[in-house]
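Notes follow the structure.
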Amino acid sequence: MELGIGGRNAVVCASTAGLGEASARALAAEGANVLVSGRRGERARAIAAELPGAVGAEVDLLAPDGPNTLLTAAAGAFGQVDILVLNGPGPRPATASTVTAADSARAVHDLLLVHQTLVEAVLPGMRERGWGRIVAIGSSGVVAPLTGLALSNIGRSALAAYLKSLATEVAADGVTVNLALPGRISTDRTDAIDGAQAERQGRTLADVRADAAAEIPARRYGRPDEFGALVAFLCGAPASYLTGIAVRCDGGLVGVL
């Protein structure tokens, strides 16, 4: 399928590993010019060097000037932003009964407000040109809250509500706004969560993973490239009538439509 994004300029947040990296690679494979960004500048530049039309930038989105640093890098690399893929590090595991109001405020800042700042900056240009794609890498916790990840559930649900509201307001301008929700995909983040669970329960990491895979109808964890393909599709021309939706890539794990 031709996605029709050759020559489009894409900014992928936190794309030096995991789902962000997979998304950046998928977009570049479709001919998009990609800004690879992350706290590890050398890694960002190394990935960009492997991709045609890509640029790497060292950006810590959670630093006070993080969003502005990313926007400045994008302006220097491409001028305009056609595709914005929102992504960032997830907060620490926690239960709802133990998190404080300050913890929740931080989660909302990191997972909503930082991304909202980026959207506010690139959206006017997208609307003026009559074309734009905003895709947020979220979590299946938006649909079914995940046990032990209360802060992620809180922050990502806030972002989802904002983006759903936004989608209805900009659809007529040719801008689509969607969420791509991973289930259990094999990434460093998943490894960390599984490792923490194994330590708490006094079990081996292999046993924890085996039990988790057994709960997935596909009977396995997903691959990052499978998720990246979803993000690329949502950014493409064939998806121009899809907006305001959350699409799960979870092997059938979540038991709702």
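Ligands are numbered from 1 in the order shown, residues from 1 within each chain, and chains are lettered A, B, ... in the order they appear in the structure tokens.
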Legend entry - DSSP-assigned strand (DSSP E or B) among region 31-203 of chain A, expressed as a PyMOL selection string: chain A and resi 33-38+55-58+83-86+94+132-137+149+175-182+185
Any chance you can output those residues with N, CA and C atoms as a PDB file, in the first residue's frame?
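And here's selection21.pdb as it stands now:
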```pdb
ATOM      1  N   ASN A  33      10.657  12.506   5.739  1.00  0.00           N
ATOM      2  CA  ASN A  33      11.841  13.075   6.377  1.00  0.00           C
ATOM      3  C   ASN A  33      11.597  13.057   7.880  1.00  0.00           C
ATOM      4  N   VAL A  34      12.450  12.421   8.641  1.00  0.00           N
ATOM      5  CA  VAL A  34      12.170  12.170  10.049  1.00  0.00           C
ATOM      6  C   VAL A  34      13.191  12.850  10.955  1.00  0.00           C
ATOM      7  N   LEU A  35      12.679  13.530  11.972  1.00  0.00           N
ATOM      8  CA  LEU A  35      13.533  14.027  13.045  1.00  0.00           C
ATOM      9  C   LEU A  35      13.505  13.000  14.168  1.00  0.00           C
ATOM     10  N   VAL A  36      14.638  12.334  14.372  1.00  0.00           N
ATOM     11  CA  VAL A  36      14.792  11.361  15.447  1.00  0.00           C
ATOM     12  C   VAL A  36      15.280  12.118  16.676  1.00  0.00           C
ATOM     13  N   SER A  37      14.604  11.956  17.793  1.00  0.00           N
ATOM     14  CA  SER A  37      14.954  12.751  18.966  1.00  0.00           C
ATOM     15  C   SER A  37      14.965  11.902  20.230  1.00  0.00           C
ATOM     16  N   GLY A  38      15.755  12.363  21.191  1.00  0.00           N
ATOM     17  CA  GLY A  38      15.805  11.678  22.472  1.00  0.00           C
ATOM     18  C   GLY A  38      16.909  12.221  23.341  1.00  0.00           C
ATOM     19  N   VAL A  55      17.233  13.319  10.450  1.00  0.00           N
ATOM     20  CA  VAL A  55      18.118  14.159  11.250  1.00  0.00           C
ATOM     21  C   VAL A  55      17.967  13.740  12.705  1.00  0.00           C
ATOM     22  N   GLY A  56      19.063  13.675  13.442  1.00  0.00           N
ATOM     23  CA  GLY A  56      19.018  13.325  14.854  1.00  0.00           C
ATOM     24  C   GLY A  56      19.214  14.536  15.737  1.00  0.00           C
ATOM     25  N   ALA A  57      18.501  14.586  16.851  1.00  0.00           N
ATOM     26  CA  ALA A  57      18.613  15.720  17.766  1.00  0.00           C
ATOM     27  C   ALA A  57      18.546  15.237  19.204  1.00  0.00           C
ATOM     28  N   GLU A  58      19.384  15.826  20.057  1.00  0.00           N
ATOM     29  CA  GLU A  58      19.361  15.510  21.484  1.00  0.00           C
ATOM     30  C   GLU A  58      18.319  16.377  22.167  1.00  0.00           C
ATOM     31  N   ILE A  83       3.893  15.884  10.224  1.00  0.00           N
ATOM     32  CA  ILE A  83       3.517  14.721  11.034  1.00  0.00           C
ATOM     33  C   ILE A  83       4.168  14.867  12.406  1.00  0.00           C
ATOM     34  N   LEU A  84       3.362  14.731  13.440  1.00  0.00           N
ATOM     35  CA  LEU A  84       3.873  14.788  14.808  1.00  0.00           C
ATOM     36  C   LEU A  84       3.480  13.510  15.525  1.00  0.00           C
ATOM     37  N   VAL A  85       4.481  12.750  15.946  1.00  0.00           N
ATOM     38  CA  VAL A  85       4.240  11.527  16.711  1.00  0.00           C
ATOM     39  C   VAL A  85       4.630  11.799  18.156  1.00  0.00           C
ATOM     40  N   LEU A  86       3.649  11.810  19.021  1.00  0.00           N
ATOM     41  CA  LEU A  86       3.862  12.105  20.432  1.00  0.00           C
ATOM     42  C   LEU A  86       4.255  10.834  21.182  1.00  0.00           C
ATOM     43  N   ALA A  94       2.982   2.263  40.001  1.00  0.00           N
ATOM     44  CA  ALA A  94       2.392   2.684  41.276  1.00  0.00           C
ATOM     45  C   ALA A  94       0.944   2.247  41.326  1.00  0.00           C
ATOM     46  N   GLY A 132      -2.315  17.437   7.903  1.00  0.00           N
ATOM     47  CA  GLY A 132      -1.495  17.191   9.083  1.00  0.00           C
ATOM     48  C   GLY A 132      -1.872  15.879   9.736  1.00  0.00           C
ATOM     49  N   ARG A 133      -0.909  15.307  10.419  1.00  0.00           N
ATOM     50  CA  ARG A 133      -1.140  14.063  11.151  1.00  0.00           C
ATOM     51  C   ARG A 133      -0.545  14.195  12.549  1.00  0.00           C
ATOM     52  N   ILE A 134      -1.366  13.919  13.539  1.00  0.00           N
ATOM     53  CA  ILE A 134      -0.910  13.864  14.921  1.00  0.00           C
ATOM     54  C   ILE A 134      -1.271  12.488  15.458  1.00  0.00           C
ATOM     55  N   VAL A 135      -0.276  11.748  15.867  1.00  0.00           N
ATOM     56  CA  VAL A 135      -0.492  10.405  16.417  1.00  0.00           C
ATOM     57  C   VAL A 135       0.218  10.319  17.753  1.00  0.00           C
ATOM     58  N   ALA A 136      -0.490   9.902  18.766  1.00  0.00           N
ATOM     59  CA  ALA A 136       0.106   9.731  20.091  1.00  0.00           C
ATOM     60  C   ALA A 136       0.315   8.252  20.372  1.00  0.00           C
ATOM     61  N   ILE A 137       1.524   7.918  20.803  1.00  0.00           N
ATOM     62  CA  ILE A 137       1.802   6.570  21.271  1.00  0.00           C
ATOM     63  C   ILE A 137       1.349   6.506  22.723  1.00  0.00           C
ATOM     64  N   LEU A 149      -0.083   0.405  37.337  1.00  0.00           N
ATOM     65  CA  LEU A 149       0.428   1.513  36.525  1.00  0.00           C
ATOM     66  C   LEU A 149      -0.532   2.700  36.601  1.00  0.00           C
ATOM     67  N   VAL A 175      -6.653  17.739   9.093  1.00  0.00           N
ATOM     68  CA  VAL A 175      -5.733  17.271  10.132  1.00  0.00           C
ATOM     69  C   VAL A 175      -6.390  16.127  10.891  1.00  0.00           C
ATOM     70  N   THR A 176      -5.724  14.990  10.950  1.00  0.00           N
ATOM     71  CA  THR A 176      -6.246  13.872  11.717  1.00  0.00           C
ATOM     72  C   THR A 176      -5.471  13.727  13.020  1.00  0.00           C
ATOM     73  N   VAL A 177      -6.168  13.265  14.047  1.00  0.00           N
ATOM     74  CA  VAL A 177      -5.587  13.126  15.386  1.00  0.00           C
ATOM     75  C   VAL A 177      -6.002  11.762  15.934  1.00  0.00           C
ATOM     76  N   ASN A 178      -5.033  10.903  16.166  1.00  0.00           N
ATOM     77  CA  ASN A 178      -5.343   9.547  16.607  1.00  0.00           C
ATOM     78  C   ASN A 178      -4.362   9.055  17.657  1.00  0.00           C
ATOM     79  N   LEU A 179      -4.719   7.949  18.284  1.00  0.00           N
ATOM     80  CA  LEU A 179      -3.844   7.305  19.249  1.00  0.00           C
ATOM     81  C   LEU A 179      -3.540   5.889  18.796  1.00  0.00           C
ATOM     82  N   ALA A 180      -2.295   5.474  18.956  1.00  0.00           N
ATOM     83  CA  ALA A 180      -1.886   4.103  18.733  1.00  0.00           C
ATOM     84  C   ALA A 180      -1.544   3.511  20.093  1.00  0.00           C
ATOM     85  N   LEU A 181      -2.277   2.495  20.484  1.00  0.00           N
ATOM     86  CA  LEU A 181      -2.153   1.958  21.831  1.00  0.00           C
ATOM     87  C   LEU A 181      -1.476   0.591  21.816  1.00  0.00           C
ATOM     88  N   PRO A 182      -0.275   0.501  22.344  1.00  0.00           N
ATOM     89  CA  PRO A 182       0.401  -0.801  22.401  1.00  0.00           C
ATOM     90  C   PRO A 182      -0.097  -1.630  23.572  1.00  0.00           C
ATOM     91  N   ILE A 185       4.397  -5.138  23.986  1.00  0.00           N
ATOM     92  CA  ILE A 185       5.363  -5.146  22.898  1.00  0.00           C
ATOM     93  C   ILE A 185       6.754  -5.296  23.516  1.00  0.00           C
TER      94      ILE A 185
END
```
Inset, instruction - Give the helix (DSSP H, G or I) residues of region 1-244 of chain A, as DSSP finds them on the backbone, and put them as an MDAnalysis selection string. - result: chainID A and resid 18:29 41:50 66:77 101:129 140:142 150:173 188:201 205:214 224:235 237:239
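Within 8 Å of region 203-220 of chain A, once only C-alpha atoms are used and residues closer than 6 positions along the same chain are dropped, the contacting residues are Asp194, Gly195, Gln197, Asp250, Gly251, Gly252 and Leu253 of chain A.
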Inset, instruction - Please identify all polymer residues within 10 Å of Asp82 (chain A), counting only C-alpha atoms, omitting same-chain residues fewer than 4 positions from it, and present them as a list in words. - result: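 So the residues in contact are Ile5, Gly7, Arg8, Asn9, Ala10, Val11, Ala32, Asn33, Phe78, Val122, Leu123, Gly125, Met126, Arg129, Trp131, Gly132, Arg133, Ile134, Val175 and Cys235 of chain A.
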Legend entry - Neighbour list for Glu50 (chain A) as a ChimeraX atom specification, cut-off 12 Å, only C-alpha atoms, skip fewer than 4 positions in-chain: /A:21,24-25,28-29,34,36,43-46,54-56
Expected file: the selected residues, C-alpha atoms, as a PDB file, in the first residue's frame:
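The file below, result01.pdb, is the result:
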```
ATOM      1  CA  GLU A  21      12.347   4.251  17.215  1.00  0.00           C
ATOM      2  CA  ALA A  24      10.601   6.649  13.115  1.00  0.00           C
ATOM      3  CA  ARG A  25      11.979   3.779  11.075  1.00  0.00           C
ATOM      4  CA  ALA A  28      11.385   6.823   7.007  1.00  0.00           C
ATOM      5  CA  ALA A  29      10.788   3.599   5.087  1.00  0.00           C
ATOM      6  CA  VAL A  34      12.170  12.170  10.049  1.00  0.00           C
ATOM      7  CA  VAL A  36      14.792  11.361  15.447  1.00  0.00           C
ATOM      8  CA  ARG A  43      21.974   7.410  19.608  1.00  0.00           C
ATOM      9  CA  ALA A  44      19.544   9.793  17.864  1.00  0.00           C
ATOM     10  CA  ARG A  45      22.191  10.776  15.346  1.00  0.00           C
ATOM     11  CA  ALA A  46      23.251   7.156  14.802  1.00  0.00           C
ATOM     12  CA  ALA A  54      16.545  11.817   8.698  1.00  0.00           C
ATOM     13  CA  VAL A  55      18.118  14.159  11.250  1.00  0.00           C
ATOM     14  CA  GLY A  56      19.018  13.325  14.854  1.00  0.00           C
TER      15      GLY A  56
END
```
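Nearest-residue note for Ala246 (chain A): choosing from A:Leu151, A:Ala26, A:Val143, A:Val170, the minimum distance belongs to A:Val143, counting only C-alpha atoms.
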Inset, instruction - Calculate how many Å separate CA of Thr100 (chain A) from CA of Asp65 (chain A), rounding to one decimal. - result: 25.7 Å
Legend entry - Nearest to Tyr221 (chain A), chosen from A:Arg156, A:Arg106, A:Arg39, A:Arg184, with only C-alpha atoms counted in the distances: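 Once distances to Tyr221 (chain A) are computed over only C-alpha atoms, the minimum belongs to A:Arg184.
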Inset, instruction - Choose the residue, out of A:Asp191, A:Val99, A:Tyr241, A:Ala196, that has the smallest atom-to-atom separation from Ala172 (chain A); count only C-alpha atoms. - result: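 Nearest to Ala172 (chain A): A:Tyr241.
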Inset, instruction - Write out as a PyMOL selection string each polymer residue whose atoms come within 6 Å of region 110-112 of chain A, counting only C-alpha atoms; drop sequence neighbours fewer than 3 positions from it. - result: chain A and resi 107+115-116+155-156+159
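Residues within 12 Å of Arg189 (chain A), counting only C-alpha atoms and excluding same-chain residues fewer than 2 positions away, are Ala17, Gly18, Leu19, Gly20, Gly88, Pro89, Gly90, Pro91, Arg92, Pro93, Ser139, Pro182, Gly183, Arg184, Ile185, Ser186, Thr187, Asp191, Ala192, Ile193, Asp194, Gly195, Ala196 and Pro224 of chain A.
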Inset, instruction - Go through A:Ala63, A:Ala232, A:Val119, A:Ala14 one by one, measure the shortest atom-to-atom distance of each to Val81 (chain A) using only C-alpha atoms, and give the residue with the smallest value. - result: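 Under the stated criterion, the closest residue is A:Val119.
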Inset, instruction - Find the distance between CA of Ile47 (chain A) and CA of Glu30 (chain A) and write it in Å to one decimal. - result: 15.9 Å
Legend entry - Nearest to Glu128 (chain A), chosen from A:Leu27, A:Ala239, A:Asp173, A:Ala105, with only C-alpha atoms counted in the distances: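 Of all the options, A:Asp173 lies closest to Glu128 (chain A).
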